[in-house]
Amino acid sequence: MKNEMYVEFSSLSQNESFARVTVAAFVSQLDPTMDELTEIKTVVSEAVTNAIIHGYNSEPHHKIALSCVLNNGEVELTIRDEGRGIDNIPQAREPLYTSKPDLERSGMGFTIIENFMDSVEVISSPKKGTTVHMTKQLSKSKTVLK
Amino acid sequence: MGLSYTFDRKKDVLIVRLAGELDHHESEALRSEWKDMMYKSPVKHVVLNFKDVSFMDSSGLGVILGRYKEVLQLGGEMVVCSIPPSIKRLFDMAGLFKIVRSEESEQFALQSLGVAS
C-alpha cells in the first residue's frame, strides 16, 4: 500500500527538529527498527539543515518542502528548497568538504546521508534551488517480501 | 526536545555534559557558551559527556571539531565519554576517534587526565 505526506515550512533552524520528528512519526507505521528510525531522522536533519544554511544562506523567510512516500516498506524522502543551488555537486558530496568553514560545518552532511540511505540523488541548478531525493528499504519489510 | 548542557570544572579540566538533541539549531548557543567557558576559566583539557544525548547530526560534529582545535591550541586533550551507539557511528564516519579519545565513563575520562573524581 502506498501512503504519502507533504509538508512545507519556513527556513528556520527550529524547524530542523520539527521536520525529523514529523517524518519519524509518519514512518513509524512501518514499524522500523530504532536504528532505522535514527538514520531517517538524521538524514532529514542533514538535508533540512543544508537547505537552511546553504540553500537560503540562513535567511528565515523562505520555504522548504518535504515529502515522504511509503511504498512496500520503502521510504522515499524528498527535500526541496528554491535557494541558491549547488555549483559543484560532486564536490559538495565529498566527505569533509564545506563551503562554509567559518560556520564550523563538519562537511559530513552528504556523507552521512549516503551512508544511511540506499540511494541519494541531488538535483540542483544555480539560483533555482536544490532537491535531494533519497530512498531506503526497511529491513523488516524486506523479510516480509521474501 | 531541545538541548540542555552544564559546565563543570575539575582542576584544569572543563567538563561539558550534554542532554537532549544536538543539531544545527541547538549548536549555535552551545558553541558560544562553550567558547566562553574555555576562555574564562583556567582549563586545558575538555571532557565531553554524551550520556544523555538522544540525537546528534553533522552540526554536532562541527561544534566538537571546532572546540577540539581550541583545546589543541591550549596544549590540552579532548576526551569524550559515555557515547551512545548511534552517535558512535557518526564519530566513526567522521574519523573523530583518530583525534579524540573515548572513555566509558566520565570518571574514567577524568582519571585518564590525572583528575581523581
# chains A, B, ... in the order shown; residues from 1 in each chain; ligands from 1
>>> interface_residues(of="chain A", to="chain B", cutoff="8 Å", atoms="only C-alpha atoms", output="PDB file with N, CA and C atoms, in the first residue's frame")
ATOM      1  N   SER A  13      15.795  27.453  11.726  1.00  0.00           N
ATOM      2  CA  SER A  13      16.516  26.294  12.256  1.00  0.00           C
ATOM      3  C   SER A  13      15.694  25.494  13.265  1.00  0.00           C
ATOM      4  N   GLN A  14      14.728  26.148  13.932  1.00  0.00           N
ATOM      5  CA  GLN A  14      13.906  25.360  14.871  1.00  0.00           C
ATOM      6  C   GLN A  14      13.048  24.323  14.145  1.00  0.00           C
ATOM      7  N   GLU A  16      14.224  22.232  12.029  1.00  0.00           N
ATOM      8  CA  GLU A  16      15.013  21.016  11.791  1.00  0.00           C
ATOM      9  C   GLU A  16      14.464  19.873  12.644  1.00  0.00           C
ATOM     10  N   SER A  17      14.209  20.156  13.913  1.00  0.00           N
ATOM     11  CA  SER A  17      13.658  19.090  14.766  1.00  0.00           C
ATOM     12  C   SER A  17      12.205  18.793  14.393  1.00  0.00           C
ATOM     13  N   ASP A  35      17.359   1.713  15.016  1.00  0.00           N
ATOM     14  CA  ASP A  35      18.478   2.181  14.185  1.00  0.00           C
ATOM     15  C   ASP A  35      17.965   2.845  12.905  1.00  0.00           C
ATOM     16  N   THR A  38      16.499   6.232  13.683  1.00  0.00           N
ATOM     17  CA  THR A  38      17.572   7.210  13.935  1.00  0.00           C
ATOM     18  C   THR A  38      18.225   7.648  12.628  1.00  0.00           C
ATOM     19  N   THR A  42      18.211  11.376  11.126  1.00  0.00           N
ATOM     20  CA  THR A  42      19.487  12.053  10.887  1.00  0.00           C
ATOM     21  C   THR A  42      19.560  12.619   9.470  1.00  0.00           C
ATOM     22  N   SER A  45      17.404  15.680   9.096  1.00  0.00           N
ATOM     23  CA  SER A  45      18.062  16.792   9.761  1.00  0.00           C
ATOM     24  C   SER A  45      19.178  17.372   8.888  1.00  0.00           C
ATOM     25  N   GLU A  46      19.958  16.488   8.275  1.00  0.00           N
ATOM     26  CA  GLU A  46      21.070  16.937   7.417  1.00  0.00           C
ATOM     27  C   GLU A  46      20.555  17.706   6.199  1.00  0.00           C
ATOM     28  N   THR A  49      18.935  21.049   7.212  1.00  0.00           N
ATOM     29  CA  THR A  49      19.989  21.980   7.626  1.00  0.00           C
ATOM     30  C   THR A  49      20.723  22.537   6.407  1.00  0.00           C
ATOM     31  N   LEU A  96      33.986  15.762   4.312  1.00  0.00           N
ATOM     32  CA  LEU A  96      34.741  16.857   4.937  1.00  0.00           C
ATOM     33  C   LEU A  96      34.798  18.143   4.114  1.00  0.00           C
ATOM     34  N   GLU A 104      31.916  26.619  11.132  1.00  0.00           N
ATOM     35  CA  GLU A 104      32.243  25.358  11.806  1.00  0.00           C
ATOM     36  C   GLU A 104      31.391  24.209  11.330  1.00  0.00           C
ATOM     37  N   ARG A 105      31.173  24.138  10.038  1.00  0.00           N
ATOM     38  CA  ARG A 105      30.473  22.981   9.482  1.00  0.00           C
ATOM     39  C   ARG A 105      31.464  21.842   9.352  1.00  0.00           C
ATOM     40  N   SER A 106      31.001  20.625   9.627  1.00  0.00           N
ATOM     41  CA  SER A 106      31.922  19.490   9.585  1.00  0.00           C
ATOM     42  C   SER A 106      32.140  18.970   8.165  1.00  0.00           C
ATOM     43  N   GLY A 107      31.234  19.314   7.245  1.00  0.00           N
ATOM     44  CA  GLY A 107      31.359  18.802   5.887  1.00  0.00           C
ATOM     45  C   GLY A 107      30.976  17.340   5.762  1.00  0.00           C
ATOM     46  N   MET A 108      30.232  16.848   6.746  1.00  0.00           N
ATOM     47  CA  MET A 108      29.884  15.422   6.770  1.00  0.00           C
ATOM     48  C   MET A 108      28.429  15.137   6.396  1.00  0.00           C
ATOM     49  N   GLY A 109      27.653  16.176   6.107  1.00  0.00           N
ATOM     50  CA  GLY A 109      26.221  16.012   5.859  1.00  0.00           C
ATOM     51  C   GLY A 109      25.884  14.995   4.780  1.00  0.00           C
ATOM     52  N   ILE A 112      26.991  11.371   5.544  1.00  0.00           N
ATOM     53  CA  ILE A 112      26.075  10.698   6.463  1.00  0.00           C
ATOM     54  C   ILE A 112      24.817  10.249   5.708  1.00  0.00           C
TER      55      ILE A 112
END
>>> select_by_dssp(residues="chain A", states="alpha helix (DSSP H)", output="ChimeraX atom specification")
/A:15-27,34-50,89-93,109-116,139-145
>>> write_last_selection(atoms="N, CA and C atoms", output="short mmCIF file (atom, residue, chain, number, x, y, z; two decimals), in the first residue's frame")
data_model
loop_
_atom_site.label_atom_id
_atom_site.label_comp_id
_atom_site.auth_asym_id
_atom_site.auth_seq_id
_atom_site.Cartn_x
_atom_site.Cartn_y
_atom_site.Cartn_z
N ASN A 15 12.91 24.48 12.82
CA ASN A 15 12.13 23.50 12.06
C ASN A 15 12.93 22.25 11.70
N GLU A 16 14.22 22.23 12.03
CA GLU A 16 15.01 21.02 11.79
C GLU A 16 14.46 19.87 12.64
N SER A 17 14.21 20.16 13.91
CA SER A 17 13.66 19.09 14.77
C SER A 17 12.20 18.79 14.39
N PHE A 18 11.46 19.83 14.02
CA PHE A 18 10.08 19.61 13.57
C PHE A 18 10.05 18.63 12.39
N ALA A 19 10.94 18.86 11.42
CA ALA A 19 10.96 18.02 10.22
C ALA A 19 11.31 16.57 10.54
N ARG A 20 12.33 16.36 11.37
CA ARG A 20 12.74 14.97 11.60
C ARG A 20 11.74 14.22 12.49
N VAL A 21 11.12 14.93 13.41
CA VAL A 21 10.13 14.29 14.28
C VAL A 21 8.86 13.95 13.48
N THR A 22 8.49 14.84 12.56
CA THR A 22 7.32 14.62 11.71
C THR A 22 7.52 13.39 10.83
N VAL A 23 8.69 13.31 10.19
CA VAL A 23 8.98 12.16 9.33
C VAL A 23 9.01 10.88 10.16
N ALA A 24 9.64 10.94 11.34
CA ALA A 24 9.72 9.75 12.20
C ALA A 24 8.33 9.26 12.57
N ALA A 25 7.43 10.19 12.87
CA ALA A 25 6.07 9.81 13.25
C ALA A 25 5.36 9.14 12.08
N PHE A 26 5.59 9.67 10.88
CA PHE A 26 4.93 9.10 9.70
C PHE A 26 5.48 7.72 9.36
N VAL A 27 6.81 7.57 9.46
CA VAL A 27 7.47 6.31 9.10
C VAL A 27 7.17 5.21 10.13
N MET A 34 14.86 0.75 15.75
CA MET A 34 15.34 2.00 16.34
C MET A 34 16.47 2.60 15.49
N ASP A 35 17.36 1.71 15.02
CA ASP A 35 18.48 2.18 14.18
C ASP A 35 17.97 2.84 12.90
N GLU A 36 16.99 2.20 12.27
CA GLU A 36 16.46 2.76 11.02
C GLU A 36 15.80 4.12 11.27
N LEU A 37 15.08 4.21 12.37
CA LEU A 37 14.42 5.47 12.70
C LEU A 37 15.44 6.58 12.96
N THR A 38 16.50 6.23 13.68
CA THR A 38 17.57 7.21 13.93
C THR A 38 18.23 7.65 12.63
N GLU A 39 18.46 6.68 11.73
CA GLU A 39 19.09 7.01 10.45
C GLU A 39 18.21 7.97 9.64
N ILE A 40 16.91 7.67 9.61
CA ILE A 40 15.99 8.52 8.85
C ILE A 40 15.91 9.92 9.46
N LYS A 41 15.84 9.99 10.79
CA LYS A 41 15.81 11.30 11.44
C LYS A 41 17.09 12.08 11.13
N THR A 42 18.21 11.38 11.13
CA THR A 42 19.49 12.05 10.89
C THR A 42 19.56 12.62 9.47
N VAL A 43 19.14 11.83 8.47
CA VAL A 43 19.24 12.34 7.09
C VAL A 43 18.27 13.50 6.85
N VAL A 44 17.10 13.47 7.48
CA VAL A 44 16.17 14.59 7.34
C VAL A 44 16.81 15.85 7.94
N SER A 45 17.40 15.68 9.10
CA SER A 45 18.06 16.79 9.76
C SER A 45 19.18 17.37 8.89
N GLU A 46 19.96 16.49 8.28
CA GLU A 46 21.07 16.94 7.42
C GLU A 46 20.56 17.71 6.20
N ALA A 47 19.55 17.14 5.52
CA ALA A 47 19.08 17.77 4.29
C ALA A 47 18.38 19.10 4.58
N VAL A 48 17.60 19.16 5.66
CA VAL A 48 16.91 20.41 6.01
C VAL A 48 17.94 21.47 6.45
N THR A 49 18.94 21.05 7.21
CA THR A 49 19.99 21.98 7.63
C THR A 49 20.72 22.54 6.41
N ASN A 50 21.02 21.66 5.43
CA ASN A 50 21.67 22.13 4.19
C ASN A 50 20.81 23.17 3.48
N ILE A 89 28.19 19.75 -7.55
CA ILE A 89 27.57 18.71 -6.72
C ILE A 89 28.57 17.64 -6.26
N PRO A 90 29.41 17.10 -7.16
CA PRO A 90 30.38 16.09 -6.68
C PRO A 90 31.26 16.62 -5.55
N GLN A 91 31.67 17.87 -5.64
CA GLN A 91 32.50 18.47 -4.58
C GLN A 91 31.71 18.59 -3.28
N ALA A 92 30.45 19.02 -3.40
CA ALA A 92 29.61 19.17 -2.20
C ALA A 92 29.41 17.84 -1.50
N ARG A 93 29.43 16.75 -2.25
CA ARG A 93 29.19 15.43 -1.67
C ARG A 93 30.46 14.80 -1.10
N GLY A 109 27.65 16.18 6.11
CA GLY A 109 26.22 16.01 5.86
C GLY A 109 25.88 14.99 4.78
N PHE A 110 26.41 15.21 3.58
CA PHE A 110 26.10 14.30 2.47
C PHE A 110 26.67 12.91 2.71
N THR A 111 27.84 12.84 3.34
CA THR A 111 28.45 11.53 3.62
C THR A 111 27.54 10.72 4.55
N ILE A 112 26.99 11.37 5.54
CA ILE A 112 26.07 10.70 6.46
C ILE A 112 24.82 10.25 5.71
N ILE A 113 24.28 11.14 4.88
CA ILE A 113 23.09 10.79 4.10
C ILE A 113 23.37 9.56 3.24
N GLU A 114 24.52 9.55 2.56
CA GLU A 114 24.85 8.42 1.67
C GLU A 114 25.03 7.13 2.45
N ASN A 115 25.57 7.24 3.66
CA ASN A 115 25.76 6.05 4.48
C ASN A 115 24.46 5.47 5.01
N PHE A 116 23.50 6.34 5.29
CA PHE A 116 22.27 5.91 5.95
C PHE A 116 21.14 5.55 4.99
N SER A 139 14.34 -2.97 6.80
CA SER A 139 14.75 -4.38 6.88
C SER A 139 13.59 -5.33 7.14
N LYS A 140 12.69 -4.92 8.02
CA LYS A 140 11.58 -5.79 8.39
C LYS A 140 10.70 -6.08 7.17
N SER A 141 10.42 -5.03 6.41
CA SER A 141 9.57 -5.16 5.24
C SER A 141 10.25 -6.04 4.20
N LYS A 142 11.61 -5.98 4.17
CA LYS A 142 12.36 -6.79 3.22
C LYS A 142 12.12 -8.27 3.50
N THR A 143 12.15 -8.62 4.80
CA THR A 143 11.97 -10.01 5.20
C THR A 143 10.57 -10.48 4.82
N VAL A 144 9.59 -9.62 5.03
CA VAL A 144 8.21 -9.97 4.72
C VAL A 144 8.05 -10.24 3.22
N LEU A 145 8.75 -9.46 2.41
CA LEU A 145 8.63 -9.58 0.97
C LEU A 145 9.19 -10.91 0.45
#
>>> select_by_dssp(residues="range 24-137 of chain A", states="strand (DSSP E)", output="MDAnalysis selection string")
chainID A and resid 63:71 74:81 119:125 129:137
>>> write_last_selection(atoms="N, CA and C atoms", output="mmCIF file, in the first residue's frame")
data_model
loop_
_atom_site.group_PDB
_atom_site.id
_atom_site.type_symbol
_atom_site.label_atom_id
_atom_site.label_comp_id
_atom_site.auth_asym_id
_atom_site.auth_seq_id
_atom_site.Cartn_x
_atom_site.Cartn_y
_atom_site.Cartn_z
ATOM 1 N N LYS A 63 10.851 29.034 2.040
ATOM 2 C CA LYS A 63 10.114 27.799 2.325
ATOM 3 C C LYS A 63 10.910 26.558 1.929
ATOM 4 N N ILE A 64 10.746 25.538 2.745
ATOM 5 C CA ILE A 64 11.350 24.235 2.446
ATOM 6 C C ILE A 64 10.206 23.230 2.316
ATOM 7 N N ALA A 65 10.254 22.421 1.265
ATOM 8 C CA ALA A 65 9.212 21.422 1.042
ATOM 9 C C ALA A 65 9.770 20.036 1.320
ATOM 10 N N LEU A 66 8.992 19.260 2.056
ATOM 11 C CA LEU A 66 9.425 17.909 2.407
ATOM 12 C C LEU A 66 8.302 16.939 2.066
ATOM 13 N N SER A 67 8.629 15.894 1.344
ATOM 14 C CA SER A 67 7.607 14.875 1.126
ATOM 15 C C SER A 67 8.165 13.512 1.471
ATOM 16 N N CYS A 68 7.278 12.637 1.918
ATOM 17 C CA CYS A 68 7.669 11.290 2.297
ATOM 18 C C CYS A 68 6.650 10.315 1.727
ATOM 19 N N VAL A 69 7.144 9.330 1.007
ATOM 20 C CA VAL A 69 6.266 8.316 0.424
ATOM 21 C C VAL A 69 6.660 6.957 0.997
ATOM 22 N N LEU A 70 5.670 6.227 1.471
ATOM 23 C CA LEU A 70 5.907 4.870 1.955
ATOM 24 C C LEU A 70 5.294 3.927 0.935
ATOM 25 N N ASN A 71 6.101 3.017 0.435
ATOM 26 C CA ASN A 71 5.608 2.120 -0.605
ATOM 27 C C ASN A 71 6.264 0.749 -0.459
ATOM 28 N N GLU A 74 9.331 0.639 1.563
ATOM 29 C CA GLU A 74 10.400 1.554 1.176
ATOM 30 C C GLU A 74 10.024 2.968 1.581
ATOM 31 N N VAL A 75 10.989 3.681 2.121
ATOM 32 C CA VAL A 75 10.781 5.077 2.497
ATOM 33 C C VAL A 75 11.451 5.943 1.441
ATOM 34 N N GLU A 76 10.671 6.864 0.896
ATOM 35 C CA GLU A 76 11.197 7.747 -0.130
ATOM 36 C C GLU A 76 11.057 9.181 0.387
ATOM 37 N N LEU A 77 12.169 9.883 0.468
ATOM 38 C CA LEU A 77 12.149 11.238 1.030
ATOM 39 C C LEU A 77 12.612 12.247 -0.009
ATOM 40 N N THR A 78 11.900 13.347 -0.093
ATOM 41 C CA THR A 78 12.333 14.419 -0.998
ATOM 42 C C THR A 78 12.329 15.736 -0.224
ATOM 43 N N ILE A 79 13.458 16.420 -0.228
ATOM 44 C CA ILE A 79 13.560 17.703 0.470
ATOM 45 C C ILE A 79 14.016 18.742 -0.551
ATOM 46 N N ARG A 80 13.206 19.785 -0.684
ATOM 47 C CA ARG A 80 13.442 20.740 -1.768
ATOM 48 C C ARG A 80 13.507 22.180 -1.265
ATOM 49 N N ASP A 81 14.483 22.911 -1.767
ATOM 50 C CA ASP A 81 14.498 24.354 -1.497
ATOM 51 C C ASP A 81 14.582 25.088 -2.823
ATOM 52 N N SER A 119 19.722 4.993 -1.655
ATOM 53 C CA SER A 119 20.041 5.791 -2.840
ATOM 54 C C SER A 119 19.875 7.272 -2.512
ATOM 55 N N VAL A 120 20.723 8.083 -3.096
ATOM 56 C CA VAL A 120 20.676 9.531 -2.877
ATOM 57 C C VAL A 120 20.885 10.221 -4.217
ATOM 58 N N GLU A 121 19.948 11.092 -4.564
ATOM 59 C CA GLU A 121 20.059 11.824 -5.815
ATOM 60 C C GLU A 121 19.980 13.311 -5.491
ATOM 61 N N VAL A 122 20.916 14.081 -6.017
ATOM 62 C CA VAL A 122 20.912 15.520 -5.766
ATOM 63 C C VAL A 122 20.709 16.238 -7.091
ATOM 64 N N ILE A 123 19.636 17.006 -7.162
ATOM 65 C CA ILE A 123 19.350 17.761 -8.385
ATOM 66 C C ILE A 123 19.422 19.235 -8.015
ATOM 67 N N SER A 124 20.241 19.991 -8.719
ATOM 68 C CA SER A 124 20.419 21.380 -8.325
ATOM 69 C C SER A 124 20.768 22.236 -9.520
ATOM 70 N N SER A 125 20.213 23.426 -9.552
ATOM 71 C CA SER A 125 20.700 24.378 -10.541
ATOM 72 C C SER A 125 20.861 25.736 -9.883
ATOM 73 N N GLY A 129 17.569 26.379 -7.022
ATOM 74 C CA GLY A 129 17.341 25.566 -5.844
ATOM 75 C C GLY A 129 17.885 24.154 -5.937
ATOM 76 N N THR A 130 17.663 23.417 -4.875
ATOM 77 C CA THR A 130 18.206 22.063 -4.754
ATOM 78 C C THR A 130 17.123 21.102 -4.284
ATOM 79 N N THR A 131 17.115 19.924 -4.903
ATOM 80 C CA THR A 131 16.215 18.863 -4.457
ATOM 81 C C THR A 131 17.064 17.651 -4.104
ATOM 82 N N VAL A 132 16.854 17.119 -2.904
ATOM 83 C CA VAL A 132 17.547 15.895 -2.504
ATOM 84 C C VAL A 132 16.501 14.791 -2.419
ATOM 85 N N HIS A 133 16.733 13.754 -3.175
ATOM 86 C CA HIS A 133 15.786 12.637 -3.240
ATOM 87 C C HIS A 133 16.490 11.377 -2.735
ATOM 88 N N MET A 134 15.886 10.731 -1.739
ATOM 89 C CA MET A 134 16.558 9.596 -1.099
ATOM 90 C C MET A 134 15.579 8.460 -0.883
ATOM 91 N N THR A 135 16.077 7.226 -0.955
ATOM 92 C CA THR A 135 15.225 6.080 -0.659
ATOM 93 C C THR A 135 15.927 5.140 0.307
ATOM 94 N N LYS A 136 15.117 4.417 1.053
ATOM 95 C CA LYS A 136 15.643 3.422 1.985
ATOM 96 C C LYS A 136 14.612 2.312 2.163
ATOM 97 N N GLN A 137 15.054 1.093 1.937
ATOM 98 C CA GLN A 137 14.188 -0.063 2.160
ATOM 99 C C GLN A 137 14.349 -0.488 3.617
#
>>> residues_around(residues="Gln107 in chain B", least_positions_apart="2", cutoff="8 Å", atoms="only C-alpha atoms", output="CSV table (one decimal) with C-alpha atoms, in the first residue's frame")
chain,number,residue,atom,x,y,z
B,105,SER,CA,32.5,6.9,31.8
B,109,ALA,CA,37.8,10.1,31.4
B,110,LEU,CA,38.8,12.3,34.4
B,111,GLN,CA,41.2,9.7,35.7
B,116,ALA,CA,40.5,12.0,40.7
B,117,SER,CA,36.8,12.5,40.9
